[in-house]
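To be precise, the following lines are model-v1.cif, and they hold mmCIF, C-alpha atoms.
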data_upload
loop_
_atom_site.label_atom_id
_atom_site.label_comp_id
_atom_site.auth_asym_id
_atom_site.auth_seq_id
_atom_site.Cartn_x
_atom_site.Cartn_y
_atom_site.Cartn_z
CA MET F 1 47.65 -2.06 6.19
CA GLU F 2 49.33 -1.87 9.55
CA GLU F 3 50.42 1.25 11.40
CA LEU F 4 53.46 1.47 13.63
CA GLN F 5 51.89 1.69 17.08
CA GLY F 6 53.88 3.28 19.88
CA SER F 7 52.86 0.62 22.38
CA GLN F 8 54.18 -2.18 20.19
CA THR F 9 57.08 -0.92 18.14
CA GLN F 10 60.68 -1.82 18.82
CA SER F 11 61.99 -0.64 15.44
CA SER F 12 64.09 2.40 14.79
CA LEU F 13 62.40 5.71 14.07
CA GLY F 14 64.70 6.07 11.13
CA GLN F 15 63.26 3.01 9.40
CA GLU F 16 60.62 3.65 6.75
CA ASP F 17 57.41 1.64 6.51
CA GLU F 18 54.65 1.75 3.93
CA ASN F 19 52.58 4.20 5.94
CA GLU F 20 55.06 6.84 6.96
CA VAL F 21 57.85 8.86 5.46
CA ILE F 22 61.39 9.18 6.76
CA THR F 23 61.69 12.43 8.68
CA GLU F 24 64.65 12.20 11.00
CA SER F 25 67.04 13.98 8.62
CA SER F 26 68.60 17.15 9.98
CA ALA F 27 68.21 18.95 6.63
CA PHE F 28 65.55 21.64 6.66
CA VAL F 29 63.68 22.95 3.64
CA LYS F 30 62.59 26.55 3.66
CA GLY F 31 58.85 26.85 3.13
CA GLU F 32 56.16 29.45 3.17
CA PRO F 33 54.94 30.26 6.68
CA ALA F 34 51.34 29.75 7.69
CA PRO F 35 49.25 32.72 6.57
CA GLU F 36 48.39 35.37 9.13
CA PHE F 37 45.00 36.97 8.85
CA SER F 38 43.51 40.27 9.92
CA SER F 39 39.84 41.15 10.32
CA ASN F 40 39.72 42.56 6.78
CA PRO F 41 40.24 41.01 3.34
CA PRO F 42 43.89 41.06 2.21
CA LYS F 43 45.06 43.69 -0.24
CA VAL F 44 45.93 42.07 -3.55
CA ASP F 45 47.72 43.82 -6.43
CA SER F 46 47.42 41.05 -9.03
CA GLU F 47 45.35 41.36 -12.18
CA VAL F 48 41.56 41.07 -11.85
CA GLU F 49 40.19 38.13 -13.84
CA VAL F 50 36.50 38.27 -14.76
CA LEU F 51 35.03 34.76 -14.41
CA HIS F 52 31.38 35.74 -14.66
CA GLU F 53 29.32 38.89 -14.80
CA LYS F 54 29.08 38.70 -11.00
CA VAL F 55 32.34 36.89 -10.17
CA THR F 56 35.96 38.12 -10.32
CA LYS F 57 39.22 36.61 -9.07
CA GLN F 58 42.66 37.88 -8.07
CA ILE F 59 45.42 35.34 -7.49
CA ILE F 60 47.32 35.60 -4.19
CA LYS F 61 49.42 32.46 -4.65
CA GLU F 62 49.85 30.42 -7.82
CA GLY F 63 48.74 26.80 -7.87
CA HIS F 64 49.92 23.82 -9.91
CA GLY F 65 48.52 21.08 -12.11
CA GLN F 66 45.10 20.93 -13.70
CA LYS F 67 41.86 22.67 -12.83
CA PRO F 68 38.89 20.66 -11.53
CA SER F 69 36.24 19.56 -14.00
CA LYS F 70 32.49 19.35 -13.55
CA TYR F 71 31.45 17.02 -10.72
CA SER F 72 34.94 17.09 -9.18
CA THR F 73 34.87 16.90 -5.41
CA CYS F 74 36.86 19.94 -4.30
CA PHE F 75 38.46 20.47 -0.90
CA PHE F 76 39.28 24.02 0.13
CA HIS F 77 39.65 26.45 3.00
CA TYR F 78 37.94 29.80 2.90
CA ARG F 79 36.85 32.78 4.91
CA ALA F 80 34.47 35.46 3.73
CA TRP F 81 33.18 38.97 4.33
CA ALA F 82 30.11 40.92 3.32
CA GLU F 83 31.27 43.61 0.89
CA LYS F 84 31.25 47.21 2.19
CA SER F 85 30.96 45.87 5.73
CA GLU F 86 33.26 44.61 8.46
CA HIS F 87 30.97 41.65 9.01
CA LYS F 88 33.03 38.46 8.69
CA PHE F 89 30.66 35.51 8.56
CA GLU F 90 32.85 32.45 8.06
CA ASP F 91 36.39 31.53 9.11
CA THR F 92 37.45 27.95 8.51
CA TRP F 93 41.16 28.77 8.43
CA LEU F 94 41.46 28.86 12.20
CA GLU F 95 40.14 25.32 12.60
CA GLN F 96 41.87 24.04 9.45
CA ARG F 97 38.82 22.02 8.44
CA PRO F 98 38.61 21.55 4.67
CA ILE F 99 35.27 22.34 3.06
CA GLU F 100 33.96 19.85 0.51
CA MET F 101 31.93 20.84 -2.53
CA VAL F 102 30.93 18.85 -5.61
CA LEU F 103 31.01 21.21 -8.60
CA GLY F 104 27.64 21.31 -10.34
CA LYS F 105 25.85 20.16 -7.18
CA GLU F 106 26.66 23.06 -4.86
CA LYS F 107 24.09 24.87 -2.71
CA LYS F 108 22.43 27.89 -4.25
CA GLU F 109 24.25 30.37 -2.00
CA MET F 110 27.59 28.81 -3.02
CA THR F 111 27.06 29.27 -6.76
CA GLY F 112 29.41 32.24 -7.06
CA LEU F 113 32.05 30.58 -4.92
CA SER F 114 31.89 27.42 -7.06
CA VAL F 115 32.61 29.53 -10.15
CA GLY F 116 35.75 30.81 -8.46
CA VAL F 117 36.84 27.39 -7.21
CA ALA F 118 36.33 25.81 -10.64
CA SER F 119 38.87 28.28 -12.10
CA MET F 120 41.59 27.44 -9.57
CA LYS F 121 44.44 24.96 -9.53
CA ALA F 122 45.44 22.82 -6.56
CA GLY F 123 47.40 24.88 -4.06
CA GLU F 124 46.17 28.16 -5.49
CA ARG F 125 45.05 30.91 -3.11
CA ALA F 126 42.87 33.70 -4.47
CA LEU F 127 40.52 36.54 -3.60
CA VAL F 128 37.11 35.90 -5.16
CA ARG F 129 34.43 38.61 -5.27
CA VAL F 130 30.82 37.50 -5.76
CA GLY F 131 27.76 39.64 -6.41
CA TRP F 132 24.82 39.14 -4.08
CA GLU F 133 22.78 37.56 -6.91
CA LEU F 134 25.10 34.50 -6.84
CA GLY F 135 25.49 34.57 -3.06
CA TYR F 136 22.90 34.75 -0.30
CA GLY F 137 20.50 36.74 -2.44
CA GLU F 138 18.16 39.60 -1.74
CA GLU F 139 17.18 38.43 1.75
CA GLY F 140 20.61 37.33 3.00
CA SER F 141 20.82 34.87 5.87
CA PHE F 142 19.69 35.34 9.45
CA SER F 143 20.94 31.97 10.69
CA PHE F 144 24.55 30.78 10.51
CA PRO F 145 26.28 32.39 8.77
CA ASN F 146 24.58 35.71 9.37
CA VAL F 147 24.73 37.60 6.05
CA PRO F 148 23.09 41.01 5.48
CA PRO F 149 20.51 41.39 2.65
CA LYS F 150 21.91 42.03 -0.82
CA ALA F 151 25.48 41.57 0.44
CA ASP F 152 28.21 41.27 -2.15
CA LEU F 153 30.74 38.73 -0.89
CA VAL F 154 34.54 38.59 -0.70
CA TYR F 155 36.11 35.13 -0.34
CA GLU F 156 39.71 34.32 0.45
CA VAL F 157 39.99 30.75 -0.87
CA GLU F 158 42.74 28.15 -1.02
CA LEU F 159 42.03 25.05 -3.09
CA ILE F 160 43.72 22.13 -1.36
CA GLY F 161 42.91 19.70 -4.13
CA PHE F 162 40.12 17.75 -5.78
CA ASP F 163 39.00 14.25 -6.68
CA GLU F 164 37.81 13.48 -10.17
CA THR F 165 34.56 11.56 -9.57
CA LYS F 166 32.56 11.43 -12.76
CA GLU F 167 29.38 10.49 -10.97
CA GLY F 168 29.85 13.40 -8.55
CA LYS F 169 29.87 11.18 -5.47
CA ALA F 170 30.45 13.17 -2.31
CA ARG F 171 32.09 11.83 0.84
CA SER F 172 28.71 11.64 2.56
CA ASP F 173 27.51 9.22 -0.13
CA MET F 174 30.51 6.89 0.16
CA THR F 175 30.64 3.69 2.18
CA VAL F 176 33.13 3.40 5.03
CA GLU F 177 35.45 1.27 2.90
CA GLU F 178 35.29 3.76 0.01
CA ARG F 179 36.17 6.71 2.23
CA ILE F 180 39.07 4.90 3.88
CA GLY F 181 40.30 3.72 0.48
CA ALA F 182 40.14 7.22 -0.99
CA ALA F 183 42.01 8.60 2.04
CA ASP F 184 44.69 5.91 1.74
CA ARG F 185 45.29 6.77 -1.92
CA ARG F 186 45.73 10.43 -0.99
CA LYS F 187 48.17 9.46 1.75
CA MET F 188 50.29 7.40 -0.65
CA ASP F 189 50.31 10.30 -3.14
CA GLY F 190 51.49 12.53 -0.31
CA ASN F 191 54.30 10.14 0.57
CA ALA F 192 55.52 10.17 -3.04
CA LEU F 193 55.53 13.97 -3.08
CA TYR F 194 57.41 14.06 0.23
CA GLN F 195 60.16 11.89 -1.20
CA GLU F 196 60.50 14.46 -3.98
CA GLU F 197 60.81 17.24 -1.33
CA LYS F 198 57.52 18.78 -2.51
CA LEU F 199 56.42 19.42 1.04
CA GLU F 200 53.59 21.89 0.46
CA GLU F 201 52.02 19.61 -2.16
CA ALA F 202 52.49 16.59 0.10
CA MET F 203 50.68 18.35 2.93
CA GLN F 204 47.78 19.10 0.61
CA GLN F 205 47.41 15.39 -0.09
CA TYR F 206 47.59 14.49 3.60
CA GLU F 207 45.04 17.15 4.45
CA MET F 208 42.66 15.87 1.80
CA ALA F 209 43.09 12.34 3.16
CA ILE F 210 42.25 13.58 6.66
CA ALA F 211 39.19 15.38 5.27
CA TYR F 212 37.70 12.00 4.38
CA MET F 213 37.83 11.04 8.05
CA GLY F 214 36.52 14.07 9.90
CA ASP F 215 35.20 14.05 13.45
CA ASP F 216 31.61 13.46 12.35
CA PHE F 217 32.73 10.34 10.46
CA MET F 218 35.05 9.00 13.17
CA PHE F 219 32.38 9.29 15.87
CA GLN F 220 30.29 6.76 13.96
CA LEU F 221 33.01 4.12 13.73
CA PHE F 222 33.65 1.29 16.17
CA GLY F 223 35.77 -1.83 16.30
CA LYS F 224 37.67 -2.86 13.19
CA TYR F 225 36.34 0.03 11.08
CA ARG F 226 37.69 2.59 13.53
CA ASP F 227 41.02 0.76 13.59
CA MET F 228 41.10 0.77 9.79
CA ALA F 229 40.41 4.50 9.67
CA LEU F 230 43.02 5.34 12.32
CA ALA F 231 45.59 3.22 10.46
CA VAL F 232 45.32 5.77 7.64
CA LYS F 233 44.45 8.94 9.54
CA ASN F 234 47.18 8.88 12.19
CA PRO F 235 50.08 8.44 9.72
CA CYS F 236 48.71 11.41 7.76
CA HIS F 237 48.90 13.60 10.87
CA LEU F 238 52.40 12.31 11.63
CA ASN F 239 53.55 12.96 8.08
CA MET F 240 52.02 16.44 8.24
CA ALA F 241 54.10 16.99 11.38
CA ALA F 242 57.20 15.78 9.54
CA CYS F 243 56.62 18.28 6.72
CA LEU F 244 55.91 21.12 9.15
CA ILE F 245 59.12 20.44 11.08
CA LYS F 246 61.11 20.66 7.85
CA LEU F 247 59.31 23.92 7.05
CA ASN F 248 60.20 25.30 10.52
CA ARG F 249 56.51 25.52 11.49
CA TYR F 250 56.97 23.87 14.85
CA GLU F 251 53.78 24.97 16.64
CA GLU F 252 51.67 23.48 13.86
CA ALA F 253 53.73 20.29 13.99
CA ILE F 254 53.03 19.99 17.71
CA GLY F 255 49.30 20.34 16.98
CA GLN F 256 49.41 17.44 14.50
CA CYS F 257 51.23 15.25 17.02
CA ASN F 258 48.72 16.16 19.73
CA THR F 259 45.92 14.90 17.49
CA VAL F 260 47.59 11.50 17.22
CA LEU F 261 48.40 11.36 20.94
CA GLY F 262 44.74 12.07 21.66
CA GLU F 263 43.97 8.71 20.07
CA ASP F 264 47.14 6.86 21.13
CA GLU F 265 48.94 8.48 24.05
CA ASN F 266 51.91 6.11 23.70
CA ASN F 267 52.54 6.60 19.98
CA VAL F 268 56.34 6.67 19.75
CA LYS F 269 56.60 8.66 16.53
CA ALA F 270 54.16 11.30 17.76
CA LEU F 271 56.11 11.65 21.01
CA PHE F 272 59.42 11.79 19.13
CA ARG F 273 58.33 14.42 16.60
CA ARG F 274 56.59 16.54 19.19
CA GLY F 275 59.75 16.35 21.28
CA LYS F 276 61.88 17.55 18.35
CA ALA F 277 59.53 20.47 17.70
CA ARG F 278 59.47 21.41 21.38
CA ALA F 279 63.25 21.19 21.67
CA THR F 280 63.68 23.53 18.70
CA LEU F 281 61.29 26.02 20.32
CA GLY F 282 63.39 25.94 23.49
CA GLN F 283 60.83 23.93 25.48
CA THR F 284 63.54 21.59 26.72
CA ASP F 285 61.76 20.23 29.79
CA ALA F 286 58.65 19.28 27.79
CA ALA F 287 60.83 17.83 25.01
CA ARG F 288 62.77 15.69 27.49
CA GLU F 289 59.50 14.41 28.92
CA ASP F 290 58.38 13.32 25.44
CA PHE F 291 61.69 11.61 24.65
CA LEU F 292 61.80 9.78 27.99
CA LYS F 293 58.25 8.52 27.51
CA ALA F 294 59.11 7.36 23.99
CA THR F 295 62.15 5.54 25.37
CA LYS F 296 59.88 3.37 27.53
CA TYR F 297 58.33 1.87 24.38
CA ALA F 298 61.42 1.95 22.15
CA PRO F 299 64.38 1.57 24.58
CA GLN F 300 66.87 0.60 21.86
CA ASP F 301 66.04 3.43 19.47
CA LYS F 302 69.16 5.38 18.56
CA ALA F 303 67.31 8.46 17.31
CA ILE F 304 65.67 9.01 20.69
CA ALA F 305 68.96 8.42 22.53
CA LYS F 306 70.63 10.98 20.26
CA GLU F 307 68.00 13.63 21.04
CA LEU F 308 68.33 13.01 24.78
CA ARG F 309 72.11 13.33 24.48
CA LEU F 310 71.72 16.62 22.60
CA LEU F 311 69.42 17.92 25.34
CA ALA F 312 71.95 16.94 28.01
CA GLU F 313 74.72 18.77 26.12
CA HIS F 314 72.46 21.79 25.75
CA ASP F 315 71.72 21.84 29.47
CA LYS F 316 75.44 21.59 30.26
CA ALA F 317 76.22 24.49 27.93
CA VAL F 318 73.45 26.60 29.49
CA TYR F 319 74.80 25.83 32.99
CA GLN F 320 78.33 26.86 32.05
CA LYS F 321 77.05 30.05 30.46
CA GLN F 322 75.01 30.94 33.54
CA LYS F 323 78.03 30.17 35.71
CA GLU F 324 80.12 32.65 33.74
CA ILE F 325 77.38 35.26 33.92
CA TYR F 326 77.05 34.98 37.70
CA LYS F 327 80.83 35.00 38.05
CA GLY F 328 80.94 38.27 36.15
CA ILE F 329 78.18 39.77 38.31
CA PHE F 330 79.53 38.90 41.75
CA GLY F 331 83.24 38.46 40.91
CA PRO F 332 85.85 36.66 43.07
CA ARG F 333 86.19 37.37 46.81
CA PRO F 334 88.49 40.40 47.24
CA GLN F 335 91.90 39.68 48.82
CA PRO F 336 93.01 41.88 51.81
CA VAL F 337 95.42 44.60 50.73
CA PRO F 338 98.52 44.80 52.99
CA LYS F 339 98.99 48.16 54.62
CA PRO F 340 102.18 50.05 53.72
CA ARG F 341 104.82 50.09 56.51
CA ASN F 342 106.08 53.40 58.07
CA TRP F 343 109.77 52.87 58.94
CA LEU F 344 109.94 55.91 61.30
CA ILE F 345 107.18 54.45 63.41
CA LEU F 346 108.88 51.08 63.45
CA ILE F 347 112.22 52.62 64.64
CA TRP F 348 110.42 54.66 67.30
CA GLN F 349 108.63 51.53 68.54
CA TRP F 350 111.99 49.70 68.68
CA LEU F 351 113.65 52.51 70.67
CA LEU F 352 110.76 52.55 73.13
CA SER F 353 111.03 48.80 73.64
CA VAL F 354 114.79 49.12 74.27
CA PHE F 355 114.24 52.00 76.71
CA TYR F 356 111.60 50.04 78.66
CA GLY F 357 113.92 47.03 78.69
CA LEU F 358 116.79 49.08 80.18
CA VAL F 359 114.49 50.65 82.80
CA THR F 360 113.26 47.23 83.83
CA LEU F 361 116.82 45.88 84.06
CA PHE F 362 117.93 48.91 86.17
CA LYS F 363 115.06 48.39 88.60
CA ARG F 364 115.97 44.74 89.06
CA GLU F 365 119.65 45.51 89.74
CA ARG F 366 118.70 48.17 92.23
CA HIS F 367 116.35 45.84 94.01
CA LYS F 368 119.11 43.24 94.39
CA SER F 369 121.57 45.79 95.87
CA ASP F 370 119.00 46.93 98.44
#

Here is the file; what I need is its structure written in the form of structure tokens.
Amino acid sequence: MEELQGSQTQSSLGQEDENEVITESSAFVKGEPAPEFSSNPPKVDSEVEVLHEKVTKQIIKEGHGQKPSKYSTCFFHYRAWAEKSEHKFEDTWLEQRPIEMVLGKEKKEMTGLSVGVASMKAGERALVRVGWELGYGEEGSFSFPNVPPKADLVYEVELIGFDETKEGKARSDMTVEERIGAADRRKMDGNALYQEEKLEEAMQQYEMAIAYMGDDFMFQLFGKYRDMALAVKNPCHLNMAACLIKLNRYEEAIGQCNTVLGEDENNVKALFRRGKARATLGQTDAAREDFLKATKYAPQDKAIAKELRLLAEHDKAVYQKQKEIYKGIFGPRPQPVPKPRNWLILIWQWLLSVFYGLVTLFKRERHKSD
């Protein structure tokens, strides 16, 4: 499977390939913004569901589809607090790194959390409360994370999705080919959801695909295996950026493009999509720089030319607007106002000139007679 590399492509950005989705449409789909978090658990008014004697759940956002079964490999984000304390001991939301857990094979301190995750659907976000007996126990934890003794736990969890693996095979037990293959299947599922305009669900699939190829995995790959992994991973980041742009989440889209450009600084699609996000945010100089760099590797691309033309028109409009503003501030140069004429003074000046003329003439005639 080949990826469209920025250093090699001459094709239009509007042309779809098997790895990436079409994203250059001007139609935007309204989506839910990225969640904002405070230092305390969110207040939830939904009904409390008792999952276990020591585990309860309140739904923040409904999910879709089926629930995971035993031995499913679940991918989720979470952050957690010690109950009756302001001690927050885990925050994976900020780094957006999915956590992996095989149900039925979780660590002892994750038992309560696994009960909550097993009751969730893909895309569901919930507040899960766990008694200390199913958490870090009587002694707590003095390493990372640092959890006080007998601390009841509050988890804010979002289940991204899960893989049904009957044998309960975790990513760490897979071969390189198996992990890349699993990621590629997730990517293709994401592309199908994107075509149906199910952007949030598509992003979940892309994120799960990326989870198979985390930093710890990529650092171990060289040569053809690294190329194989990047051929799946980079399109997932680019497609995430495409979804985020449609959802008006431009800063996040820029972050996805930056990840790709960290591996391939000349990737045309990453430069193009980052440029579109920057232009929308008003970062016109940075956007122009991205588009001009992309033009070097795709000089005939009409989509890039169109964006550069739009930037030029924007700059012209801004210049005209500033010109009008400055004109209003300073105004035109004032014209001299003619002074009103006093006719009495003018007649007096005329009489004086006549009198001096007659005196001069009299003196001349007298001088001639002498």

Applied to the shown file, which residues does the PyMOL selection byres ((chain F and resi 270-273) around 10) return, written as a short mmCIF file (atom, residue, chain, number, x, y, z; two decimals) with C-alpha atoms, in the coordinates of the input?
data_model
loop_
_atom_site.label_atom_id
_atom_site.label_comp_id
_atom_site.auth_asym_id
_atom_site.auth_seq_id
_atom_site.Cartn_x
_atom_site.Cartn_y
_atom_site.Cartn_z
CA GLN F 5 51.89 1.69 17.08
CA GLY F 6 53.88 3.28 19.88
CA LEU F 13 62.40 5.71 14.07
CA THR F 23 61.69 12.43 8.68
CA GLU F 24 64.65 12.20 11.00
CA ASN F 234 47.18 8.88 12.19
CA PRO F 235 50.08 8.44 9.72
CA HIS F 237 48.90 13.60 10.87
CA LEU F 238 52.40 12.31 11.63
CA ASN F 239 53.55 12.96 8.08
CA ALA F 241 54.10 16.99 11.38
CA ALA F 242 57.20 15.78 9.54
CA ILE F 245 59.12 20.44 11.08
CA TYR F 250 56.97 23.87 14.85
CA ALA F 253 53.73 20.29 13.99
CA ILE F 254 53.03 19.99 17.71
CA GLN F 256 49.41 17.44 14.50
CA CYS F 257 51.23 15.25 17.02
CA ASN F 258 48.72 16.16 19.73
CA THR F 259 45.92 14.90 17.49
CA VAL F 260 47.59 11.50 17.22
CA LEU F 261 48.40 11.36 20.94
CA ASP F 264 47.14 6.86 21.13
CA GLU F 265 48.94 8.48 24.05
CA ASN F 266 51.91 6.11 23.70
CA ASN F 267 52.54 6.60 19.98
CA VAL F 268 56.34 6.67 19.75
CA LYS F 269 56.60 8.66 16.53
CA ARG F 274 56.59 16.54 19.19
CA GLY F 275 59.75 16.35 21.28
CA LYS F 276 61.88 17.55 18.35
CA ALA F 277 59.53 20.47 17.70
CA ARG F 278 59.47 21.41 21.38
CA ALA F 279 63.25 21.19 21.67
CA ALA F 287 60.83 17.83 25.01
CA ARG F 288 62.77 15.69 27.49
CA GLU F 289 59.50 14.41 28.92
CA ASP F 290 58.38 13.32 25.44
CA PHE F 291 61.69 11.61 24.65
CA LEU F 292 61.80 9.78 27.99
CA LYS F 293 58.25 8.52 27.51
CA ALA F 294 59.11 7.36 23.99
CA THR F 295 62.15 5.54 25.37
CA ALA F 303 67.31 8.46 17.31
CA ILE F 304 65.67 9.01 20.69
CA GLU F 307 68.00 13.63 21.04
#

Margin query: Taking the file as I've supplied it (selection: the PyMOL selection byres ((chain F and resi 204) around 8)), which residues are included? Please answer as a PyMOL selection string.
Written below: chain F and resi 123+160-161+190+200-203+205-208

Next item on the list: Carefully work through the PyMOL selection byres ((chain F and resi 65) around 9) for this structure and note down the residues it includes, as a ChimeraX atom specification.
Entry: /F:63-64,66-67,121-123

Who sits within 8 Å of F:Asp163, all atoms listed in the file, same chain under 3 positions skipped, as a PDB file with C-alpha atoms, keeping the file's coordinate frame:
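Saved the output as out.pdb:
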ATOM      1  CA  SER F  72      34.940  17.090  -9.180  1.00  0.00           C
ATOM      2  CA  THR F  73      34.870  16.900  -5.410  1.00  0.00           C
ATOM      3  CA  CYS F  74      36.860  19.940  -4.300  1.00  0.00           C
TER       4      CYS F  74
END

Checklist line | Option closest in space to F:Ser172, from F:Val128, F:Ala80, F:Leu361, F:Met213 [counting all atoms listed in the file] | finding: F:Met213

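For F:Thr111, the set of protein, DNA and RNA residues having any atom at most 7 Å away, when counting only C-alpha atoms and skipping those fewer than 4 positions along the same chain, is Glu106, Lys107, Val115, Leu134 and Gly135 of chain F.
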
Next item on the list: Quick one: pull the distance between atom CA of F:Gly223 and atom CA of F:Glu177, Å, one decimal.
Entry: 13.8 Å

Next item on the list: Find the distance between atom CA of F:Tyr326 and atom CA of F:Ala312 and write it in Å to one decimal.
Entry: 21.1 Å

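You will find atom CA of F:Trp81 at 5.8 Å from atom CA of F:Leu153.
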
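These residues, each with an atom at most 12 Å from (52.8, 32.3, -10.6) using all atoms listed in the file, are F:Ser46, F:Glu47, F:Gln58, F:Ile59, F:Ile60, F:Lys61, F:Glu62, F:Gly63, F:His64, F:Lys121, F:Gly123, F:Glu124, F:Arg125, F:Ala126.
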
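Excluding stretch 215-219 of chain F itself and any same-chain residue fewer than 3 positions from it, the protein and nucleic acid residues within 10 Å of it, counting all atoms listed in the file, are Arg171, Ser172, Val176, Arg179, Ile210, Ala211, Tyr212, Phe222, Tyr225, Arg226, Ala229 and Leu230 of chain F.
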
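The residue that comes closest to F:Leu127, out of F:Lys233, F:Lys306, F:Lys323, F:Arg79 and on the basis of all atoms listed in the file, is F:Arg79.
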
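Of the residues under consideration (F:Tyr194, F:Phe142, F:Tyr319, F:Trp132), F:Trp132 shows the shortest atom-to-atom contact distance to F:Lys54 when counting all atoms listed in the file.
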
Box dimensions and centre (Å, one decimal) enclosing stretch 50-64 of chain F, axis-aligned, 8 Å extra per side, as AutoDock Vina command-line options:
--center_x 39.5 --center_y 31.4 --center_z -9.5 --size_x 36.8 --size_y 31.1 --size_z 26.6
